[in-house]
$ cat start-v5.cif   # mmCIF, C-alpha atoms
data_entry
#
loop_
_atom_site.label_atom_id
_atom_site.label_comp_id
_atom_site.auth_asym_id
_atom_site.auth_seq_id
_atom_site.Cartn_x
_atom_site.Cartn_y
_atom_site.Cartn_z
CA MET A 1 189.18 120.79 138.58
CA SER A 2 192.40 120.10 140.44
CA ASP A 3 194.91 122.48 141.92
CA ASN A 4 197.17 122.25 138.93
CA ASP A 5 194.68 123.98 136.69
CA THR A 6 195.54 127.46 137.86
CA ASN A 7 198.04 127.83 135.01
CA ASP A 8 196.55 127.72 131.55
CA ASP A 9 199.83 127.08 129.76
CA VAL A 10 200.65 123.58 128.66
CA ARG A 11 203.48 122.41 130.82
CA THR A 12 206.24 120.44 129.23
CA ASP A 13 208.69 120.23 132.10
CA GLY A 14 207.49 116.89 133.38
CA GLY A 15 205.93 118.43 136.44
CA GLY A 16 202.25 118.74 137.14
CA THR A 17 200.08 117.88 134.22
CA GLY A 18 197.06 120.05 134.84
CA ILE A 19 194.97 117.18 133.56
CA VAL A 20 192.23 115.65 135.62
CA PRO A 21 192.30 111.91 135.04
CA PRO A 22 188.83 110.97 133.88
CA ASP A 23 187.46 108.56 136.41
CA ASP A 24 183.85 109.13 137.33
CA GLU A 25 183.41 112.21 135.22
CA THR A 26 184.34 111.07 131.77
CA PRO A 27 183.55 113.95 129.42
CA THR A 28 180.75 113.57 126.96
CA TRP A 29 181.46 113.59 123.26
CA SER A 30 180.19 117.13 122.87
CA GLU A 31 182.55 118.19 125.63
CA ARG A 32 185.38 116.38 123.92
CA LYS A 33 184.59 118.10 120.65
CA GLN A 34 184.77 121.50 122.28
CA ARG A 35 188.37 120.90 123.26
CA THR A 36 190.74 122.54 120.87
CA GLN A 37 194.02 121.31 122.27
CA GLY A 38 194.49 118.83 119.48
CA LEU A 39 195.47 115.23 119.07
CA SER A 40 198.35 115.31 121.52
CA ARG A 41 196.04 116.29 124.31
CA LEU A 42 193.55 113.58 123.38
CA THR A 43 196.31 110.98 123.26
CA TYR A 44 197.54 112.15 126.62
CA GLU A 45 194.13 111.79 128.19
CA TYR A 46 193.76 108.36 126.65
CA PHE A 47 196.92 107.09 128.30
CA GLU A 48 196.14 108.96 131.46
CA ARG A 49 192.84 107.14 131.66
CA SER A 50 194.46 103.76 131.08
CA ARG A 51 196.95 104.59 133.80
CA ARG A 52 194.08 105.43 136.13
CA GLU A 53 192.31 102.17 135.40
CA ASP A 54 195.56 100.35 136.01
CA GLN A 55 195.95 102.08 139.35
CA ASP A 56 192.38 101.24 140.36
CA LEU A 57 192.96 97.60 139.49
CA ARG A 58 196.07 97.48 141.62
CA GLN A 59 194.27 98.93 144.59
CA GLU A 60 191.62 96.26 144.60
CA SER A 61 191.94 93.83 147.45
CA ASP A 62 192.00 90.73 145.27
CA TYR A 63 194.69 92.09 143.02
CA VAL A 64 197.43 89.71 141.98
CA GLU A 65 200.58 90.88 140.25
CA ARG A 66 200.17 90.60 136.52
CA ASP A 67 200.70 92.83 133.56
CA VAL A 68 197.52 94.84 133.54
CA LEU A 69 198.95 97.84 131.75
CA ALA A 70 197.60 96.96 128.36
CA PHE A 71 194.40 96.78 126.45
CA PRO A 72 193.01 93.26 126.37
CA ALA A 73 193.33 91.44 123.07
CA TRP A 74 189.64 90.69 123.20
CA PRO A 75 187.66 92.69 122.33
CA HIS A 76 189.79 95.79 121.73
CA GLU A 77 192.52 94.48 119.48
CA MET A 78 190.48 91.73 117.83
CA ILE A 79 187.60 94.00 116.87
CA ARG A 80 190.01 96.51 115.36
CA ASN A 81 191.93 93.83 113.48
CA LEU A 82 188.76 92.19 112.22
CA ALA A 83 187.42 95.51 111.03
CA LEU A 84 190.64 96.31 109.18
CA SER A 85 190.88 92.81 107.65
CA ALA A 86 187.22 92.91 106.60
CA PHE A 87 187.76 96.28 104.94
CA PHE A 88 190.74 95.12 102.90
CA VAL A 89 189.18 91.78 101.97
CA GLY A 90 186.06 93.64 100.90
CA MET A 91 188.10 96.05 98.80
CA ILE A 92 189.92 93.18 97.11
CA LEU A 93 186.65 91.40 96.34
CA PHE A 94 184.98 94.59 95.12
CA VAL A 95 187.80 95.71 92.84
CA SER A 96 188.41 92.26 91.40
CA ALA A 97 184.69 91.81 90.72
CA ALA A 98 183.91 95.29 89.42
CA LEU A 99 187.13 96.02 87.56
CA PRO A 100 188.61 92.71 86.41
CA PRO A 101 192.03 93.31 84.85
CA GLU A 102 192.47 92.76 81.16
CA MET A 103 194.58 89.74 80.32
CA PRO A 104 196.63 90.67 77.26
CA ASN A 105 198.55 88.31 75.00
CA PRO A 106 201.54 86.65 76.60
CA ALA A 107 204.89 88.34 76.13
CA ASN A 108 206.87 87.32 73.07
CA SER A 109 210.22 86.29 74.46
CA SER A 110 211.90 86.28 71.05
CA VAL A 111 211.37 90.02 70.47
CA THR A 112 213.18 92.74 72.39
CA PRO A 113 210.67 95.34 73.56
CA ALA A 114 211.10 98.94 72.41
CA ILE A 115 211.42 100.31 75.92
CA ILE A 116 213.31 98.26 78.46
CA LEU A 117 212.44 99.07 82.03
CA PRO A 118 212.73 97.24 85.32
CA ASP A 119 209.71 96.71 87.51
CA TRP A 120 208.35 99.95 88.93
CA TYR A 121 209.77 99.36 92.40
CA LEU A 122 213.29 99.37 90.95
CA TYR A 123 212.91 102.64 89.05
CA TRP A 124 214.92 104.48 91.68
CA SER A 125 217.89 102.19 91.15
CA PHE A 126 217.47 102.50 87.40
CA GLY A 127 217.42 106.29 87.78
CA LEU A 128 220.68 106.24 89.74
CA LEU A 129 222.31 104.71 86.67
CA LYS A 130 221.40 107.85 84.72
CA LEU A 131 223.41 110.30 86.77
CA GLY A 132 226.04 110.72 84.02
CA PRO A 133 225.71 114.53 83.94
CA LEU A 134 226.86 114.61 87.56
CA ASN A 135 230.00 112.63 86.81
CA PRO A 136 232.73 115.26 87.25
CA SER A 137 235.32 115.80 84.55
CA LEU A 138 238.65 116.70 86.05
CA SER A 139 240.84 119.30 84.44
CA ILE A 140 243.86 117.55 85.91
CA LEU A 141 243.07 114.67 83.63
CA GLY A 142 242.70 116.98 80.69
CA GLY A 143 238.94 117.23 80.97
CA GLN A 144 238.49 113.49 81.10
CA LYS A 145 236.18 111.82 83.54
CA ILE A 146 237.74 109.80 86.29
CA MET A 147 235.42 106.90 85.63
CA ALA A 148 232.94 105.85 83.03
CA ASP A 149 229.36 107.00 83.43
CA ARG A 150 228.17 103.45 83.92
CA THR A 151 230.72 102.88 86.68
CA TYR A 152 229.56 106.13 88.25
CA GLY A 153 225.95 104.95 88.17
CA VAL A 154 226.82 101.65 89.84
CA LEU A 155 228.80 103.56 92.46
CA ALA A 156 225.78 105.77 93.13
CA ASN A 157 223.76 102.62 93.80
CA VAL A 158 226.44 101.37 96.19
CA VAL A 159 226.41 104.68 98.07
CA VAL A 160 222.63 104.88 98.38
CA VAL A 161 222.13 101.23 99.30
CA GLY A 162 225.02 101.44 101.72
CA PHE A 163 223.52 104.49 103.39
CA VAL A 164 220.13 102.81 103.74
CA ALA A 165 221.84 99.69 105.10
CA ILE A 166 223.58 101.53 107.94
CA VAL A 167 220.39 103.27 109.10
CA PRO A 168 219.40 100.42 111.49
CA PHE A 169 222.77 100.72 113.19
CA LEU A 170 222.50 104.44 113.84
CA ASN A 171 221.45 105.60 117.27
CA LYS A 172 217.93 106.88 116.87
CA GLY A 173 217.89 108.79 120.14
CA SER A 174 214.80 109.10 122.27
CA ALA A 175 212.63 110.92 119.74
CA ARG A 176 209.54 109.01 118.74
CA ARG A 177 207.77 111.53 116.54
CA PRO A 178 209.00 113.75 113.71
CA VAL A 179 208.06 116.93 115.56
CA GLU A 180 210.62 116.11 118.21
CA GLN A 181 213.48 116.19 115.74
CA PRO A 182 212.48 118.37 112.81
CA PHE A 183 215.90 118.32 111.19
CA TRP A 184 216.17 114.56 110.85
CA ALA A 185 212.54 114.34 109.88
CA ALA A 186 213.31 116.81 107.09
CA VAL A 187 216.26 114.67 106.01
CA GLY A 188 213.99 111.64 105.91
CA MET A 189 211.35 113.45 103.89
CA SER A 190 213.97 114.61 101.39
CA GLY A 191 215.02 110.98 101.02
CA VAL A 192 211.43 109.91 100.39
CA ILE A 193 210.93 112.61 97.78
CA PHE A 194 214.29 111.83 96.20
CA SER A 195 213.31 108.19 95.81
CA LEU A 196 210.24 109.40 93.88
CA THR A 197 212.03 111.99 91.75
CA ILE A 198 214.88 109.64 90.89
CA ALA A 199 212.27 107.07 89.87
CA ALA A 200 210.64 109.69 87.65
CA LEU A 201 214.06 110.48 86.18
CA SER A 202 214.56 106.86 85.23
CA ILE A 203 211.49 107.00 82.97
CA LYS A 204 212.21 110.47 81.63
CA ASN A 205 211.35 109.34 78.12
CA LEU A 206 207.78 108.71 79.24
CA ILE A 207 207.37 111.92 81.25
CA PRO A 208 206.05 114.88 79.27
CA MET A 209 208.62 117.35 80.51
CA ASP A 210 211.92 118.79 79.38
CA SER A 211 214.52 116.24 80.45
CA HIS A 212 216.95 118.91 81.69
CA LEU A 213 214.22 120.46 83.81
CA LEU A 214 213.33 117.02 85.12
CA PHE A 215 216.97 116.39 85.99
CA ASP A 216 217.15 119.67 87.92
CA LEU A 217 213.86 119.00 89.68
CA THR A 218 215.14 115.57 90.71
CA PHE A 219 217.59 117.24 93.05
CA LEU A 220 215.68 120.44 93.75
CA LEU A 221 212.40 118.95 94.95
CA PRO A 222 213.99 116.96 97.82
CA VAL A 223 215.56 120.18 99.12
CA VAL A 224 212.25 122.03 98.80
CA SER A 225 210.39 119.25 100.59
CA ALA A 226 213.00 119.18 103.34
CA THR A 227 212.61 122.93 103.83
CA ILE A 228 208.83 122.71 103.98
CA THR A 229 208.97 119.74 106.37
CA TYR A 230 211.39 121.53 108.65
CA ALA A 231 209.29 124.70 108.70
CA VAL A 232 206.03 122.84 109.34
CA LEU A 233 207.50 120.70 112.12
CA LYS A 234 209.12 123.72 113.73
CA THR A 235 205.71 125.37 113.73
CA MET A 236 204.11 122.26 115.21
CA ARG A 237 206.53 122.29 118.14
CA GLU A 238 204.44 125.02 119.70
CA GLY A 239 201.87 123.25 121.80
CA TYR A 240 203.42 119.82 121.41
CA MET A 241 203.61 117.98 124.66
CA PHE A 242 207.16 116.71 124.81
CA ASP A 243 206.32 114.95 128.02
CA LEU A 244 203.98 112.59 126.19
CA ASN A 245 206.43 109.93 125.11
CA ARG A 246 208.51 110.03 128.23
CA ARG A 247 205.39 109.56 130.28
CA TYR A 248 204.17 106.73 128.08
CA TYR A 249 207.42 104.82 128.38
CA ARG A 250 207.51 105.43 132.09
CA LEU A 251 204.14 103.70 132.50
CA ARG A 252 205.43 100.26 133.33
CA PRO A 253 204.24 97.91 136.03
CA PRO A 254 206.42 98.24 139.10
CA LYS A 255 208.87 95.50 139.89
CA MET B 1 188.19 120.23 112.84
CA ALA B 2 189.16 116.56 112.84
CA ASP B 3 185.51 115.62 112.31
CA GLU B 4 185.23 117.90 109.28
CA PHE B 5 188.42 116.40 107.92
CA ILE B 6 187.27 112.80 108.15
CA LYS B 7 183.87 113.64 106.72
CA GLY B 8 185.43 115.30 103.69
CA PHE B 9 187.98 112.50 103.40
CA GLY B 10 185.28 109.84 103.59
CA ILE B 11 183.28 111.56 100.86
CA LEU B 12 186.38 111.89 98.71
CA MET B 13 187.26 108.21 99.09
CA VAL B 14 183.75 106.79 98.70
CA GLY B 15 182.84 109.06 95.80
CA GLY B 16 186.24 108.50 94.22
CA LEU B 17 185.88 104.73 94.47
CA ALA B 18 182.44 104.81 92.86
CA TRP B 19 183.66 107.18 90.15
CA MET B 20 186.69 104.96 89.56
CA THR B 21 184.42 101.94 89.10
CA PHE B 22 182.13 103.64 86.57
CA ALA B 23 185.05 105.28 84.78
CA GLY B 24 186.72 101.90 84.63
CA TRP B 25 183.64 100.56 82.86
CA TYR B 26 182.97 103.44 80.50
CA ARG B 27 186.13 105.51 80.16
CA THR B 28 188.88 102.90 79.99
CA PRO B 29 189.07 101.66 76.40
CA SER B 30 192.09 99.42 76.96
CA PHE B 31 194.66 98.46 79.52
CA GLU B 32 197.42 100.21 77.55
CA GLU B 33 195.52 103.40 76.71
CA ALA B 34 194.07 106.22 78.76
CA GLN B 35 192.94 105.01 82.17
CA LEU B 36 189.65 106.35 83.58
CA THR B 37 189.86 109.46 81.39
CA GLY B 38 189.38 108.05 77.88
CA GLU B 39 186.54 108.89 75.54
CA VAL B 40 183.16 107.23 76.05
CA THR B 41 182.99 105.03 72.96
CA ILE B 42 179.93 102.99 73.83
CA GLU B 43 177.53 102.53 70.90
CA ASN B 44 173.79 102.72 71.49
CA PRO B 45 173.83 103.09 75.28
CA THR B 46 171.02 101.26 77.01
CA VAL B 47 169.08 102.70 79.89
CA PHE B 48 171.54 101.10 82.33
CA ASP B 49 174.45 102.61 80.45
CA GLN B 50 172.86 106.03 80.59
CA ILE B 51 172.26 105.67 84.32
CA GLY B 52 175.87 104.60 84.71
CA LEU B 53 177.15 107.58 82.74
CA VAL B 54 175.11 109.98 84.83
CA LEU B 55 176.24 108.31 88.06
CA MET B 56 179.86 108.51 86.92
CA ASP B 57 179.71 112.29 86.62
CA ALA B 58 177.57 112.56 89.74
CA PHE B 59 180.03 110.63 91.89
CA PHE B 60 182.96 112.60 90.49
CA TRP B 61 181.47 115.95 91.42
CA PHE B 62 180.15 114.54 94.69
CA ALA B 63 183.71 113.60 95.64
CA ILE B 64 185.17 116.96 94.64
CA ILE B 65 182.44 119.26 95.93
CA GLY B 66 181.78 117.18 99.03
CA ALA B 67 185.41 117.24 100.11
CA LEU B 68 185.70 120.96 99.37
CA THR B 69 182.52 121.61 101.34
CA PHE B 70 183.83 120.00 104.51
CA TRP B 71 187.41 121.19 104.14
CA VAL B 72 186.88 124.73 102.91
CA VAL B 73 183.30 125.98 102.97
CA ILE B 74 182.18 124.81 106.42
CA PRO B 75 185.41 125.90 108.17
CA LEU B 76 185.12 129.26 106.41
CA ILE B 77 181.56 129.66 107.63
CA GLY B 78 182.67 128.73 111.14
CA GLU B 79 185.52 131.22 111.05
CA ALA B 80 183.25 133.94 109.72
CA ARG B 81 180.66 133.27 112.42
CA GLU B 82 183.35 133.33 115.08
CA TYR B 83 184.71 136.58 113.72
CA LEU B 84 181.27 138.18 113.65
CA ASP B 85 180.56 137.01 117.19
CA GLU B 86 183.82 138.48 118.41
CA ARG B 87 183.13 141.77 116.69
CA SER B 88 179.63 142.07 118.04
CA ALA B 89 180.66 141.04 121.54
#
$ encode --input "start-v5.cif" --output "structure tokens"
Amino acid sequence: MSDNDTNDDVRTDGGGTGIVPPDDETPTWSERKQRTQGLSRLTYEYFERSRREDQDLRQESDYVERDVLAFPAWPHEMIRNLALSAFFVGMILFVSAALPPEMPNPANSSVTPAIILPDWYLYWSFGLLKLGPLNPSLSILGGQKIMADRTYGVLANVVVVGFVAIVPFLNKGSARRPVEQPFWAAVGMSGVIFSLTIAALSIKNLIPMDSHLLFDLTFLLPVVSATITYAVLKTMREGYMFDLNRRYYRLRPPK
Amino acid sequence: MADEFIKGFGILMVGGLAWMTFAGWYRTPSFEEAQLTGEVTIENPTVFDQIGLVLMDAFFWFAIIGALTFWVVIPLIGEAREYLDERSA
């Protein structure tokens, strides 16, 4: 054990790490399993080990400057990619062989179907067209609405699509994991849940639930999910090593 | 804890996939009707059909009970043992 191990607390100030880089004494798997510090600790040791190997390489006498801070494509990356590809190809073959889809009669283009719906991935947009109850009626106009419900629905699409479109241009800051910014992670989760609930609202005829309750849940569930996300991430901040990302991005080959 | 999670998750996925396959054969009357949960309408089941029906239920409960075992029962036993050790120590 090194000198830094006198303090048992996890340090997050960027100072001493208290971690012994595994060089000759790589822990056995049973020793690894006995560690209860969690995934962040394991990730840290992983990168710490790669840093150590990098350092050892540089100190060899026949070292030439090259980018050694990486895992080689062969075998590490290729084996992983082949395993993943083989799994998905196998799943496709298995499902298509064991559960072949039924091929029904072709659609009759001369008959309007009873229920008209877009493809499932556009349900959220279809649901935004059904926000008529939110269209405010102004007393100044004598209780009339300022715009038609259909105009309001199209405007809701413009607002949502516009908001999603400006996301790439927002400054993301230095956070790399949700636990580092619980508030914005909660906002993101509420958006994810809203995209699901608004999709459910668009097919409210098919959902066995009171439509008014469904309409309320459409806007309530995102708030609930945001609250839960915020609480969980706030709890996870205890013990999270905020130094992890900064250290990872600092690990670059010297000029 | 992570090991118990992936064991339970693996059982849930493997058992669920096998159950889904058998239920797709025996409990899915049509593409536009109940999926995987419909009535078993097979007439005069052969021996293979009977084996399939048994395996369908077996895989279903294997997925449920197996996942619950690794996610709930075994951690509970571990916690209880830890608690008892602390109390006796």
$ closest_atom_pairs --input "start-v5.cif" --of "chain A" --to "chain B" --cutoff "7 Å" --atoms "all atoms listed in the file" --output "JSON lines"
{"residue": "A:Ala98", "atom": "CA", "partner": "B:Thr21", "partner_atom": "CA", "distance": 6.7}
{"residue": "A:Leu99", "atom": "CA", "partner": "B:Gly24", "partner_atom": "CA", "distance": 6.6}
{"residue": "A:Glu102", "atom": "CA", "partner": "B:Phe31", "partner_atom": "CA", "distance": 6.3}
$ atom_distance --input "start-v5.cif" --atom1 "CA of Thr151 in chain A" --atom2 "CA of Leu131 in chain A"
10.4 Å
$ closest_residue --input "start-v5.cif" --among "A:Ala226, A:Pro75, A:Ile92, A:Val179" --to "Glu238 in chain A" --atoms "only C-alpha atoms"
A:Val179
$ resolve_selection --input "start-v5.cif" --expression "the PyMOL selection byres ((chain A and resi 224) around 12)" --output "ChimeraX atom specification"
/A:186-187,189-191,193-194,217-223,225-231
$ closest_residue --input "start-v5.cif" --among "B:Glu4, B:Val40, B:Pro29, B:Thr69" --to "Gly52 in chain B" --atoms "all atoms listed in the file"
B:Val40
$ atom_distance --input "start-v5.cif" --atom1 "CA of Ala200 in chain A" --atom2 "CA of Trp124 in chain A"
7.9 Å
$ closest_residue --input "start-v5.cif" --among "B:Tyr26, B:Phe5, B:Trp71, B:Trp19" --to "Phe59 in chain B" --atoms "all atoms listed in the file"
B:Trp19
$ axis_aligned_box --input "start-v5.cif" --around "range 2-10 of chain B" --padding-each-side "6 Å" --output "AutoDock Vina command-line options"
--center_x 186.5 --center_y 113.9 --center_z 108.1 --size_x 17.3 --size_y 20.1 --size_z 21.4
$ residues_around --input "start-v5.cif" --residues "Ala58 in chain B" --least-positions-apart "4" --cutoff "10 Å" --atoms "only C-alpha atoms" --output "ChimeraX atom specification"
/B:15,18-19,52-54,62-63
$ atom_distance --input "start-v5.cif" --atom1 "CA of Thr28 in chain B" --atom2 "CA of Ala114 in chain A"
23.8 Å
